[in-house]
file start26.cif (mmCIF, N, CA and C atoms)
data_work
#
loop_
_atom_site.label_atom_id
_atom_site.label_comp_id
_atom_site.auth_asym_id
_atom_site.auth_seq_id
_atom_site.Cartn_x
_atom_site.Cartn_y
_atom_site.Cartn_z
N MET A 1 -20.16 -6.79 -21.28
CA MET A 1 -19.79 -5.73 -20.37
C MET A 1 -21.05 -4.96 -19.95
N VAL A 2 -21.01 -4.45 -18.75
CA VAL A 2 -22.13 -3.66 -18.24
C VAL A 2 -22.06 -2.26 -18.87
N ASP A 3 -23.20 -1.72 -19.25
CA ASP A 3 -23.26 -0.38 -19.82
C ASP A 3 -23.13 0.64 -18.70
N ILE A 4 -22.06 1.42 -18.73
CA ILE A 4 -21.82 2.43 -17.68
C ILE A 4 -22.03 3.85 -18.22
N SER A 5 -22.58 3.97 -19.41
CA SER A 5 -22.67 5.28 -20.07
C SER A 5 -23.54 6.28 -19.31
N THR A 6 -24.46 5.82 -18.50
CA THR A 6 -25.32 6.75 -17.76
C THR A 6 -24.82 6.99 -16.33
N LYS A 7 -23.76 6.33 -15.93
CA LYS A 7 -23.23 6.53 -14.58
C LYS A 7 -22.46 7.84 -14.49
N SER A 8 -22.48 8.43 -13.33
CA SER A 8 -21.76 9.68 -13.09
C SER A 8 -20.27 9.41 -12.91
N VAL A 9 -19.48 10.37 -13.34
CA VAL A 9 -18.04 10.31 -13.10
C VAL A 9 -17.80 10.76 -11.66
N THR A 10 -17.20 9.88 -10.87
CA THR A 10 -16.82 10.22 -9.50
C THR A 10 -15.43 9.67 -9.23
N GLN A 11 -14.82 10.16 -8.16
CA GLN A 11 -13.55 9.57 -7.75
C GLN A 11 -13.85 8.25 -7.08
N ARG A 12 -13.20 7.20 -7.54
CA ARG A 12 -13.42 5.86 -7.00
C ARG A 12 -12.07 5.30 -6.55
N VAL A 13 -12.09 4.73 -5.36
CA VAL A 13 -10.87 4.18 -4.76
C VAL A 13 -11.20 2.81 -4.20
N ALA A 14 -10.31 1.86 -4.39
CA ALA A 14 -10.48 0.53 -3.80
C ALA A 14 -9.14 0.06 -3.26
N THR A 15 -9.21 -0.69 -2.17
CA THR A 15 -8.02 -1.28 -1.55
C THR A 15 -8.28 -2.76 -1.35
N ALA A 16 -7.29 -3.57 -1.70
CA ALA A 16 -7.39 -5.02 -1.57
C ALA A 16 -6.14 -5.53 -0.86
N GLY A 17 -6.26 -6.74 -0.34
CA GLY A 17 -5.13 -7.32 0.37
C GLY A 17 -4.93 -8.78 0.06
N ALA A 18 -3.77 -9.27 0.40
CA ALA A 18 -3.42 -10.68 0.30
C ALA A 18 -2.39 -10.97 1.38
N VAL A 19 -2.29 -12.23 1.76
CA VAL A 19 -1.31 -12.65 2.76
C VAL A 19 -0.42 -13.72 2.14
N VAL A 20 0.89 -13.52 2.27
CA VAL A 20 1.87 -14.50 1.80
C VAL A 20 2.52 -15.09 3.06
N LYS A 21 2.29 -16.38 3.28
CA LYS A 21 2.79 -17.06 4.48
C LYS A 21 4.02 -17.88 4.12
N MET A 22 5.09 -17.65 4.87
CA MET A 22 6.35 -18.34 4.62
C MET A 22 7.07 -18.54 5.95
N ALA A 23 8.17 -19.22 5.90
CA ALA A 23 8.99 -19.39 7.11
C ALA A 23 9.56 -18.03 7.52
N PRO A 24 9.66 -17.78 8.82
CA PRO A 24 10.26 -16.52 9.27
C PRO A 24 11.66 -16.29 8.67
N SER A 25 12.42 -17.36 8.47
CA SER A 25 13.76 -17.20 7.89
C SER A 25 13.70 -16.72 6.44
N THR A 26 12.69 -17.15 5.70
CA THR A 26 12.52 -16.69 4.32
C THR A 26 12.15 -15.22 4.31
N LEU A 27 11.23 -14.83 5.19
CA LEU A 27 10.85 -13.43 5.28
C LEU A 27 12.05 -12.57 5.68
N ARG A 28 12.85 -13.07 6.57
CA ARG A 28 14.05 -12.33 6.98
C ARG A 28 14.98 -12.11 5.78
N MET A 29 15.12 -13.14 4.94
CA MET A 29 15.96 -12.99 3.73
C MET A 29 15.41 -11.90 2.81
N ILE A 30 14.07 -11.85 2.67
CA ILE A 30 13.45 -10.80 1.85
C ILE A 30 13.79 -9.43 2.41
N LEU A 31 13.58 -9.26 3.71
CA LEU A 31 13.77 -7.96 4.35
C LEU A 31 15.23 -7.52 4.37
N GLU A 32 16.14 -8.49 4.40
CA GLU A 32 17.57 -8.17 4.42
C GLU A 32 18.16 -8.08 3.01
N GLY A 33 17.35 -8.33 1.99
CA GLY A 33 17.82 -8.24 0.61
C GLY A 33 18.72 -9.38 0.19
N ASP A 34 18.51 -10.56 0.79
CA ASP A 34 19.38 -11.70 0.53
C ASP A 34 18.79 -12.75 -0.44
N MET A 35 17.72 -12.43 -1.13
CA MET A 35 17.14 -13.39 -2.07
C MET A 35 17.96 -13.42 -3.36
N PRO A 36 18.19 -14.63 -3.90
CA PRO A 36 18.99 -14.76 -5.12
C PRO A 36 18.46 -13.95 -6.31
N LYS A 37 17.15 -13.78 -6.42
CA LYS A 37 16.58 -13.05 -7.56
C LYS A 37 16.59 -11.54 -7.38
N GLY A 38 16.97 -11.06 -6.20
CA GLY A 38 17.05 -9.61 -6.01
C GLY A 38 16.05 -9.07 -5.02
N ASP A 39 15.70 -7.80 -5.20
CA ASP A 39 14.84 -7.06 -4.28
C ASP A 39 13.39 -7.49 -4.47
N VAL A 40 12.94 -8.41 -3.64
CA VAL A 40 11.61 -9.01 -3.77
C VAL A 40 10.50 -7.97 -3.66
N LEU A 41 10.58 -7.09 -2.70
CA LEU A 41 9.50 -6.13 -2.49
C LEU A 41 9.42 -5.11 -3.62
N ALA A 42 10.56 -4.64 -4.10
CA ALA A 42 10.55 -3.65 -5.20
C ALA A 42 9.97 -4.27 -6.47
N VAL A 43 10.42 -5.47 -6.80
CA VAL A 43 9.94 -6.12 -8.02
C VAL A 43 8.46 -6.46 -7.89
N SER A 44 8.04 -6.94 -6.73
CA SER A 44 6.64 -7.29 -6.51
C SER A 44 5.74 -6.05 -6.56
N ARG A 45 6.23 -4.94 -6.05
CA ARG A 45 5.46 -3.68 -6.12
C ARG A 45 5.24 -3.28 -7.58
N VAL A 46 6.30 -3.30 -8.38
CA VAL A 46 6.18 -2.93 -9.79
C VAL A 46 5.26 -3.91 -10.52
N ALA A 47 5.37 -5.20 -10.22
CA ALA A 47 4.51 -6.20 -10.86
C ALA A 47 3.04 -5.94 -10.54
N GLY A 48 2.74 -5.61 -9.28
CA GLY A 48 1.37 -5.32 -8.89
C GLY A 48 0.81 -4.09 -9.60
N ILE A 49 1.61 -3.05 -9.68
CA ILE A 49 1.18 -1.83 -10.36
C ILE A 49 0.94 -2.11 -11.84
N GLN A 50 1.86 -2.81 -12.45
CA GLN A 50 1.73 -3.16 -13.86
C GLN A 50 0.48 -4.01 -14.10
N ALA A 51 0.20 -4.94 -13.20
CA ALA A 51 -0.98 -5.80 -13.33
C ALA A 51 -2.27 -4.99 -13.23
N ALA A 52 -2.32 -4.05 -12.31
CA ALA A 52 -3.52 -3.21 -12.17
C ALA A 52 -3.82 -2.50 -13.47
N LYS A 53 -2.79 -2.01 -14.14
CA LYS A 53 -2.96 -1.29 -15.39
C LYS A 53 -3.45 -2.18 -16.52
N ARG A 54 -3.28 -3.50 -16.37
CA ARG A 54 -3.66 -4.44 -17.43
C ARG A 54 -4.86 -5.31 -17.06
N THR A 55 -5.58 -4.94 -16.03
CA THR A 55 -6.68 -5.76 -15.53
C THR A 55 -7.71 -6.07 -16.61
N SER A 56 -8.06 -5.10 -17.42
CA SER A 56 -9.09 -5.34 -18.45
C SER A 56 -8.63 -6.34 -19.50
N GLU A 57 -7.33 -6.56 -19.64
CA GLU A 57 -6.81 -7.58 -20.56
C GLU A 57 -6.89 -8.98 -19.94
N LEU A 58 -6.93 -9.04 -18.62
CA LEU A 58 -6.94 -10.32 -17.92
C LEU A 58 -8.34 -10.79 -17.55
N ILE A 59 -9.20 -9.87 -17.15
CA ILE A 59 -10.56 -10.19 -16.71
C ILE A 59 -11.49 -9.77 -17.85
N PRO A 60 -12.13 -10.71 -18.52
CA PRO A 60 -12.82 -10.43 -19.78
C PRO A 60 -13.85 -9.31 -19.78
N LEU A 61 -14.62 -9.12 -18.72
CA LEU A 61 -15.69 -8.14 -18.77
C LEU A 61 -15.38 -6.84 -18.02
N CYS A 62 -14.12 -6.64 -17.66
CA CYS A 62 -13.71 -5.39 -17.00
C CYS A 62 -13.51 -4.29 -18.05
N HIS A 63 -13.92 -3.09 -17.68
CA HIS A 63 -13.70 -1.93 -18.54
C HIS A 63 -12.24 -1.49 -18.45
N PRO A 64 -11.64 -1.07 -19.55
CA PRO A 64 -10.29 -0.47 -19.45
C PRO A 64 -10.42 0.89 -18.77
N LEU A 65 -9.58 1.16 -17.79
CA LEU A 65 -9.68 2.38 -17.01
C LEU A 65 -8.40 3.19 -17.09
N ALA A 66 -8.54 4.50 -17.06
CA ALA A 66 -7.39 5.41 -16.99
C ALA A 66 -7.11 5.66 -15.51
N LEU A 67 -6.39 4.75 -14.90
CA LEU A 67 -6.11 4.84 -13.47
C LEU A 67 -5.35 6.12 -13.14
N THR A 68 -5.71 6.75 -12.03
CA THR A 68 -5.01 7.95 -11.60
C THR A 68 -3.94 7.65 -10.56
N ASN A 69 -4.04 6.46 -9.92
CA ASN A 69 -3.03 6.08 -8.94
C ASN A 69 -3.15 4.58 -8.65
N VAL A 70 -2.01 3.95 -8.45
CA VAL A 70 -1.95 2.58 -7.96
C VAL A 70 -0.78 2.52 -6.99
N SER A 71 -1.01 1.92 -5.83
CA SER A 71 0.08 1.73 -4.87
C SER A 71 0.02 0.31 -4.34
N VAL A 72 1.20 -0.23 -4.06
CA VAL A 72 1.32 -1.56 -3.46
C VAL A 72 2.29 -1.44 -2.30
N ASP A 73 1.83 -1.85 -1.12
CA ASP A 73 2.66 -1.77 0.08
C ASP A 73 2.68 -3.12 0.79
N PHE A 74 3.69 -3.30 1.62
CA PHE A 74 3.89 -4.57 2.32
C PHE A 74 4.08 -4.32 3.80
N ASP A 75 3.58 -5.26 4.59
CA ASP A 75 3.72 -5.20 6.04
C ASP A 75 4.18 -6.57 6.50
N SER A 76 5.35 -6.65 7.11
CA SER A 76 5.89 -7.94 7.54
C SER A 76 5.55 -8.22 8.99
N HIS A 77 5.37 -9.50 9.29
CA HIS A 77 5.05 -9.95 10.64
C HIS A 77 6.05 -11.02 11.05
N ALA A 78 6.41 -11.04 12.31
CA ALA A 78 7.45 -11.94 12.82
C ALA A 78 7.13 -13.41 12.59
N ASP A 79 5.85 -13.76 12.45
CA ASP A 79 5.47 -15.16 12.26
C ASP A 79 5.66 -15.65 10.83
N GLY A 80 6.22 -14.80 9.95
CA GLY A 80 6.46 -15.21 8.57
C GLY A 80 5.37 -14.77 7.60
N GLU A 81 4.45 -13.95 8.07
CA GLU A 81 3.42 -13.44 7.16
C GLU A 81 3.84 -12.11 6.57
N LEU A 82 3.65 -11.99 5.28
CA LEU A 82 3.86 -10.74 4.57
C LEU A 82 2.50 -10.32 4.03
N HIS A 83 2.00 -9.20 4.53
CA HIS A 83 0.69 -8.70 4.10
C HIS A 83 0.90 -7.74 2.94
N VAL A 84 0.15 -7.97 1.87
CA VAL A 84 0.19 -7.12 0.69
C VAL A 84 -1.06 -6.25 0.73
N ARG A 85 -0.90 -4.97 0.46
CA ARG A 85 -2.04 -4.03 0.42
C ARG A 85 -1.89 -3.21 -0.85
N ALA A 86 -2.89 -3.30 -1.72
CA ALA A 86 -2.86 -2.58 -2.99
C ALA A 86 -4.07 -1.66 -3.09
N SER A 87 -3.84 -0.45 -3.53
CA SER A 87 -4.92 0.51 -3.72
C SER A 87 -4.89 1.03 -5.16
N ALA A 88 -6.07 1.29 -5.69
CA ALA A 88 -6.19 1.86 -7.03
C ALA A 88 -7.25 2.95 -6.98
N SER A 89 -7.06 3.97 -7.81
CA SER A 89 -8.06 5.03 -7.89
C SER A 89 -8.23 5.49 -9.33
N VAL A 90 -9.40 6.06 -9.58
CA VAL A 90 -9.75 6.56 -10.90
C VAL A 90 -10.83 7.62 -10.74
N ASN A 91 -10.87 8.55 -11.63
CA ASN A 91 -12.01 9.45 -11.77
C ASN A 91 -12.78 8.90 -12.96
N GLY A 92 -13.85 8.16 -12.68
CA GLY A 92 -14.52 7.49 -13.77
C GLY A 92 -15.92 7.06 -13.44
N GLN A 93 -16.46 6.23 -14.33
CA GLN A 93 -17.85 5.79 -14.24
C GLN A 93 -18.01 4.39 -13.67
N THR A 94 -16.91 3.74 -13.36
CA THR A 94 -16.98 2.41 -12.76
C THR A 94 -15.86 2.24 -11.75
N GLY A 95 -16.04 1.30 -10.85
CA GLY A 95 -15.10 1.13 -9.75
C GLY A 95 -13.80 0.46 -10.13
N VAL A 96 -12.88 0.44 -9.17
CA VAL A 96 -11.54 -0.09 -9.37
C VAL A 96 -11.24 -1.28 -8.46
N GLU A 97 -12.30 -1.95 -8.02
CA GLU A 97 -12.10 -3.11 -7.14
C GLU A 97 -11.25 -4.18 -7.81
N MET A 98 -11.54 -4.47 -9.08
CA MET A 98 -10.80 -5.54 -9.77
C MET A 98 -9.34 -5.16 -9.98
N GLU A 99 -9.08 -3.89 -10.19
CA GLU A 99 -7.70 -3.43 -10.36
C GLU A 99 -6.92 -3.59 -9.06
N ALA A 100 -7.54 -3.23 -7.94
CA ALA A 100 -6.88 -3.39 -6.64
C ALA A 100 -6.65 -4.87 -6.33
N LEU A 101 -7.66 -5.70 -6.58
CA LEU A 101 -7.53 -7.14 -6.35
C LEU A 101 -6.46 -7.77 -7.24
N THR A 102 -6.40 -7.35 -8.48
CA THR A 102 -5.39 -7.87 -9.41
C THR A 102 -4.00 -7.46 -8.96
N ALA A 103 -3.85 -6.20 -8.54
CA ALA A 103 -2.54 -5.74 -8.07
C ALA A 103 -2.07 -6.53 -6.86
N ALA A 104 -2.96 -6.74 -5.89
CA ALA A 104 -2.58 -7.48 -4.68
C ALA A 104 -2.21 -8.93 -5.02
N THR A 105 -2.98 -9.54 -5.90
CA THR A 105 -2.75 -10.93 -6.27
C THR A 105 -1.43 -11.11 -7.02
N VAL A 106 -1.20 -10.27 -8.00
CA VAL A 106 0.04 -10.40 -8.79
C VAL A 106 1.26 -10.04 -7.95
N ALA A 107 1.14 -9.08 -7.06
CA ALA A 107 2.26 -8.78 -6.16
C ALA A 107 2.58 -10.00 -5.29
N ALA A 108 1.55 -10.65 -4.76
CA ALA A 108 1.75 -11.86 -3.94
C ALA A 108 2.36 -12.99 -4.78
N LEU A 109 1.88 -13.17 -5.99
CA LEU A 109 2.45 -14.20 -6.87
C LEU A 109 3.91 -13.92 -7.19
N THR A 110 4.25 -12.65 -7.33
CA THR A 110 5.64 -12.29 -7.63
C THR A 110 6.54 -12.57 -6.43
N VAL A 111 6.04 -12.32 -5.22
CA VAL A 111 6.80 -12.70 -4.03
C VAL A 111 7.09 -14.19 -4.08
N TYR A 112 6.05 -14.99 -4.37
CA TYR A 112 6.26 -16.44 -4.45
C TYR A 112 7.32 -16.78 -5.50
N ASP A 113 7.17 -16.22 -6.69
CA ASP A 113 8.11 -16.52 -7.77
C ASP A 113 9.55 -16.20 -7.38
N MET A 114 9.75 -15.09 -6.72
CA MET A 114 11.11 -14.68 -6.38
C MET A 114 11.69 -15.45 -5.20
N CYS A 115 10.84 -16.17 -4.46
CA CYS A 115 11.31 -16.88 -3.27
C CYS A 115 11.24 -18.41 -3.40
N LYS A 116 10.66 -18.92 -4.46
CA LYS A 116 10.42 -20.37 -4.57
C LYS A 116 11.70 -21.19 -4.57
N ALA A 117 12.82 -20.62 -4.96
CA ALA A 117 14.09 -21.36 -4.93
C ALA A 117 14.53 -21.63 -3.49
N VAL A 118 14.10 -20.78 -2.57
CA VAL A 118 14.47 -20.90 -1.17
C VAL A 118 13.44 -21.72 -0.40
N GLN A 119 12.15 -21.56 -0.74
CA GLN A 119 11.08 -22.25 -0.03
C GLN A 119 9.93 -22.54 -1.00
N LYS A 120 9.62 -23.81 -1.18
CA LYS A 120 8.58 -24.22 -2.13
C LYS A 120 7.16 -24.12 -1.57
N ASP A 121 6.99 -24.23 -0.27
CA ASP A 121 5.65 -24.33 0.31
C ASP A 121 5.08 -22.99 0.80
N ILE A 122 5.51 -21.91 0.20
CA ILE A 122 4.93 -20.60 0.52
C ILE A 122 3.46 -20.64 0.12
N ALA A 123 2.60 -20.08 0.97
CA ALA A 123 1.15 -20.09 0.71
C ALA A 123 0.64 -18.66 0.55
N ILE A 124 -0.26 -18.49 -0.41
CA ILE A 124 -0.92 -17.21 -0.63
C ILE A 124 -2.38 -17.39 -0.23
N SER A 125 -2.89 -16.49 0.59
CA SER A 125 -4.28 -16.60 1.05
C SER A 125 -4.85 -15.21 1.32
N GLY A 126 -6.10 -15.20 1.71
CA GLY A 126 -6.72 -13.96 2.18
C GLY A 126 -6.85 -12.88 1.13
N ILE A 127 -6.90 -13.25 -0.14
CA ILE A 127 -7.09 -12.24 -1.19
C ILE A 127 -8.51 -11.73 -1.07
N ARG A 128 -8.64 -10.42 -0.82
CA ARG A 128 -9.99 -9.88 -0.62
C ARG A 128 -9.99 -8.37 -0.74
N LEU A 129 -11.19 -7.86 -1.00
CA LEU A 129 -11.39 -6.43 -1.02
C LEU A 129 -11.44 -5.94 0.41
N LEU A 130 -10.69 -4.88 0.71
CA LEU A 130 -10.66 -4.31 2.06
C LEU A 130 -11.55 -3.08 2.18
N SER A 131 -11.62 -2.29 1.12
CA SER A 131 -12.48 -1.11 1.13
C SER A 131 -12.68 -0.60 -0.28
N LYS A 132 -13.76 0.18 -0.43
CA LYS A 132 -14.01 0.88 -1.69
C LYS A 132 -14.81 2.12 -1.38
N SER A 133 -14.64 3.13 -2.23
CA SER A 133 -15.43 4.35 -2.08
C SER A 133 -15.72 4.92 -3.45
N GLY A 134 -16.74 5.75 -3.49
CA GLY A 134 -17.14 6.39 -4.73
C GLY A 134 -18.27 5.65 -5.41
N GLY A 135 -18.85 6.32 -6.36
CA GLY A 135 -19.92 5.71 -7.13
C GLY A 135 -21.25 5.73 -6.39
N LYS A 136 -22.26 5.14 -7.03
CA LYS A 136 -23.62 5.16 -6.51
C LYS A 136 -23.75 4.42 -5.18
N SER A 137 -23.00 3.34 -5.02
CA SER A 137 -23.14 2.54 -3.78
C SER A 137 -22.36 3.12 -2.61
N GLY A 138 -21.54 4.14 -2.85
CA GLY A 138 -20.84 4.81 -1.76
C GLY A 138 -19.65 4.02 -1.21
N SER A 139 -19.42 4.16 0.07
CA SER A 139 -18.25 3.56 0.70
C SER A 139 -18.60 2.21 1.35
N TRP A 140 -17.61 1.35 1.37
CA TRP A 140 -17.73 0.04 2.00
C TRP A 140 -16.38 -0.31 2.62
N GLN A 141 -16.42 -0.92 3.79
CA GLN A 141 -15.21 -1.32 4.51
C GLN A 141 -15.37 -2.74 5.00
N ALA A 142 -14.37 -3.59 4.79
CA ALA A 142 -14.41 -4.96 5.31
C ALA A 142 -14.29 -4.93 6.83
N GLU A 143 -14.84 -5.92 7.47
CA GLU A 143 -14.75 -6.01 8.94
C GLU A 143 -13.39 -6.53 9.35
#

call {"tool": "encode", "arguments": {"input": "start26.cif", "output": "structure tokens"}}
result
Amino acid sequence: MVDISTKSVTQRVATAGAVVKMAPSTLRMILEGDMPKGDVLAVSRVAGIQAAKRTSELIPLCHPLALTNVSVDFDSHADGELHVRASASVNGQTGVEMEALTAATVAALTVYDMCKAVQKDIAISGIRLLSKSGGKSGSWQAE
């Protein structure tokens, strides 16, 4: 692990995204609450938040963080794309990029898990950091 003991405590925020591509009819079932496993977006949101809180258990060299906020939101598109956007924040000595990325990824995986009975070829892509702020390196925004 990197020694962060000399770093300043600042508010750090990171946002990450993922894209879940499926048939428009599958997305319609999600939005209408017709999936056999239940409310896909609610369960996926909770899974993403829970994953962010456990990032240091999953990624070996991540510091355990006392997160101050985690949010997971979804944006649906008529072409069958469901965009996942996860944000994490902390007042601490290291950033929350991995927590945001983990939340977005696990939320997307949960969408797949809850929909695989209806459609097997759902694709997850575009997992990436969208923005970060705080710390010595300051703010960064993806293009």

call {"tool": "select_by_dssp", "arguments": {"input": "start26.cif", "residues": "chain A", "states": "strand (DSSP E)", "output": "JSON, numbers by chain"}}
result
{"A": [10, 11, 12, 13, 14, 15, 16, 17, 18, 19, 20, 21, 69, 70, 71, 72, 73, 74, 75, 76, 81, 82, 83, 84, 85, 86, 87, 88, 89, 90, 91, 92, 123, 124, 125, 126, 127, 128, 129, 130, 131, 132, 133, 140, 141]}

call {"tool": "residues_around", "arguments": {"input": "start26.cif", "residues": "Ser44 of chain A", "least_positions_apart": "4", "cutoff": "9 Å", "atoms": "only C-alpha atoms", "output": "JSON, numbers by chain"}}
result
{"A": [39, 40, 48, 49, 72, 106, 107, 108, 109, 110, 111, 114]}

call {"tool": "closest_residue", "arguments": {"input": "start26.cif", "among": "A:Leu31, A:Val13, A:Val19, A:Val70", "to": "Gln50 of chain A", "atoms": "all atoms listed in the file"}}
result
A:Val70

call {"tool": "atom_distance", "arguments": {"input": "start26.cif", "atom1": "atom N of Arg54 of chain A", "atom2": "atom CA of Ser8 of chain A"}}
result
22.9 Å

call {"tool": "residues_around", "arguments": {"input": "start26.cif", "residues": "Gly126 of chain A", "least_positions_apart": "5", "cutoff": "8 Å", "atoms": "all atoms listed in the file", "output": "PyMOL selection string"}}
result
chain A and resi 16-20

call {"tool": "decode", "arguments": {"input": "start26.cif", "residues": "segment 8-31 of chain A", "atoms": "N, CA and C atoms", "output": "CSV table (one decimal), in the first residue's frame"}}
result
chain,number,residue,atom,x,y,z
A,8,SER,N,-2.6,15.5,3.0
A,8,SER,CA,-3.6,16.4,3.7
A,8,SER,C,-4.9,15.7,3.6
A,9,VAL,N,-5.7,15.9,4.6
A,9,VAL,CA,-7.1,15.5,4.5
A,9,VAL,C,-7.9,16.6,3.7
A,10,THR,N,-8.5,16.2,2.7
A,10,THR,CA,-9.4,17.0,1.8
A,10,THR,C,-10.6,16.3,1.5
A,11,GLN,N,-11.6,17.0,1.0
A,11,GLN,CA,-12.8,16.4,0.5
A,11,GLN,C,-12.5,15.8,-0.9
A,12,ARG,N,-12.7,14.6,-1.1
A,12,ARG,CA,-12.4,13.9,-2.4
A,12,ARG,C,-13.7,13.3,-2.9
A,13,VAL,N,-13.9,13.5,-4.2
A,13,VAL,CA,-15.1,13.0,-4.9
A,13,VAL,C,-14.7,12.4,-6.2
A,14,ALA,N,-15.3,11.3,-6.5
A,14,ALA,CA,-15.0,10.7,-7.8
A,14,ALA,C,-16.3,10.1,-8.4
A,15,THR,N,-16.4,10.2,-9.7
A,15,THR,CA,-17.6,9.7,-10.4
A,15,THR,C,-17.1,8.8,-11.5
A,16,ALA,N,-17.8,7.6,-11.6
A,16,ALA,CA,-17.4,6.6,-12.7
A,16,ALA,C,-18.7,6.2,-13.4
A,17,GLY,N,-18.5,5.6,-14.5
A,17,GLY,CA,-19.7,5.2,-15.3
A,17,GLY,C,-19.4,3.8,-16.0
A,18,ALA,N,-20.5,3.2,-16.4
A,18,ALA,CA,-20.5,2.0,-17.2
A,18,ALA,C,-21.8,2.0,-18.1
A,19,VAL,N,-21.7,1.2,-19.1
A,19,VAL,CA,-22.8,1.1,-20.0
A,19,VAL,C,-23.3,-0.3,-20.1
A,20,VAL,N,-24.6,-0.6,-19.9
A,20,VAL,CA,-25.1,-1.9,-20.1
A,20,VAL,C,-26.0,-1.9,-21.3
A,21,LYS,N,-25.6,-2.7,-22.3
A,21,LYS,CA,-26.3,-2.7,-23.6
A,21,LYS,C,-27.1,-3.9,-23.7
A,22,MET,N,-28.4,-3.7,-24.0
A,22,MET,CA,-29.4,-4.8,-24.1
A,22,MET,C,-30.4,-4.5,-25.2
A,23,ALA,N,-31.3,-5.4,-25.4
A,23,ALA,CA,-32.4,-5.2,-26.4
A,23,ALA,C,-33.3,-4.1,-25.8
A,24,PRO,N,-33.8,-3.2,-26.6
A,24,PRO,CA,-34.8,-2.2,-26.1
A,24,PRO,C,-36.0,-2.9,-25.3
A,25,SER,N,-36.4,-4.1,-25.8
A,25,SER,CA,-37.5,-4.7,-25.1
A,25,SER,C,-37.1,-5.2,-23.6
A,26,THR,N,-35.8,-5.5,-23.5
A,26,THR,CA,-35.3,-5.9,-22.1
A,26,THR,C,-35.3,-4.7,-21.2
A,27,LEU,N,-34.8,-3.6,-21.8
A,27,LEU,CA,-34.8,-2.3,-21.0
A,27,LEU,C,-36.2,-1.9,-20.7
A,28,ARG,N,-37.1,-2.0,-21.6
A,28,ARG,CA,-38.5,-1.7,-21.3
A,28,ARG,C,-39.0,-2.5,-20.1
A,29,MET,N,-38.7,-3.8,-20.1
A,29,MET,CA,-39.1,-4.6,-19.0
A,29,MET,C,-38.6,-4.1,-17.6
A,30,ILE,N,-37.3,-3.7,-17.7
A,30,ILE,CA,-36.7,-3.1,-16.4
A,30,ILE,C,-37.4,-1.9,-16.0
A,31,LEU,N,-37.7,-1.0,-16.9
A,31,LEU,CA,-38.3,0.3,-16.6
A,31,LEU,C,-39.8,0.1,-16.1
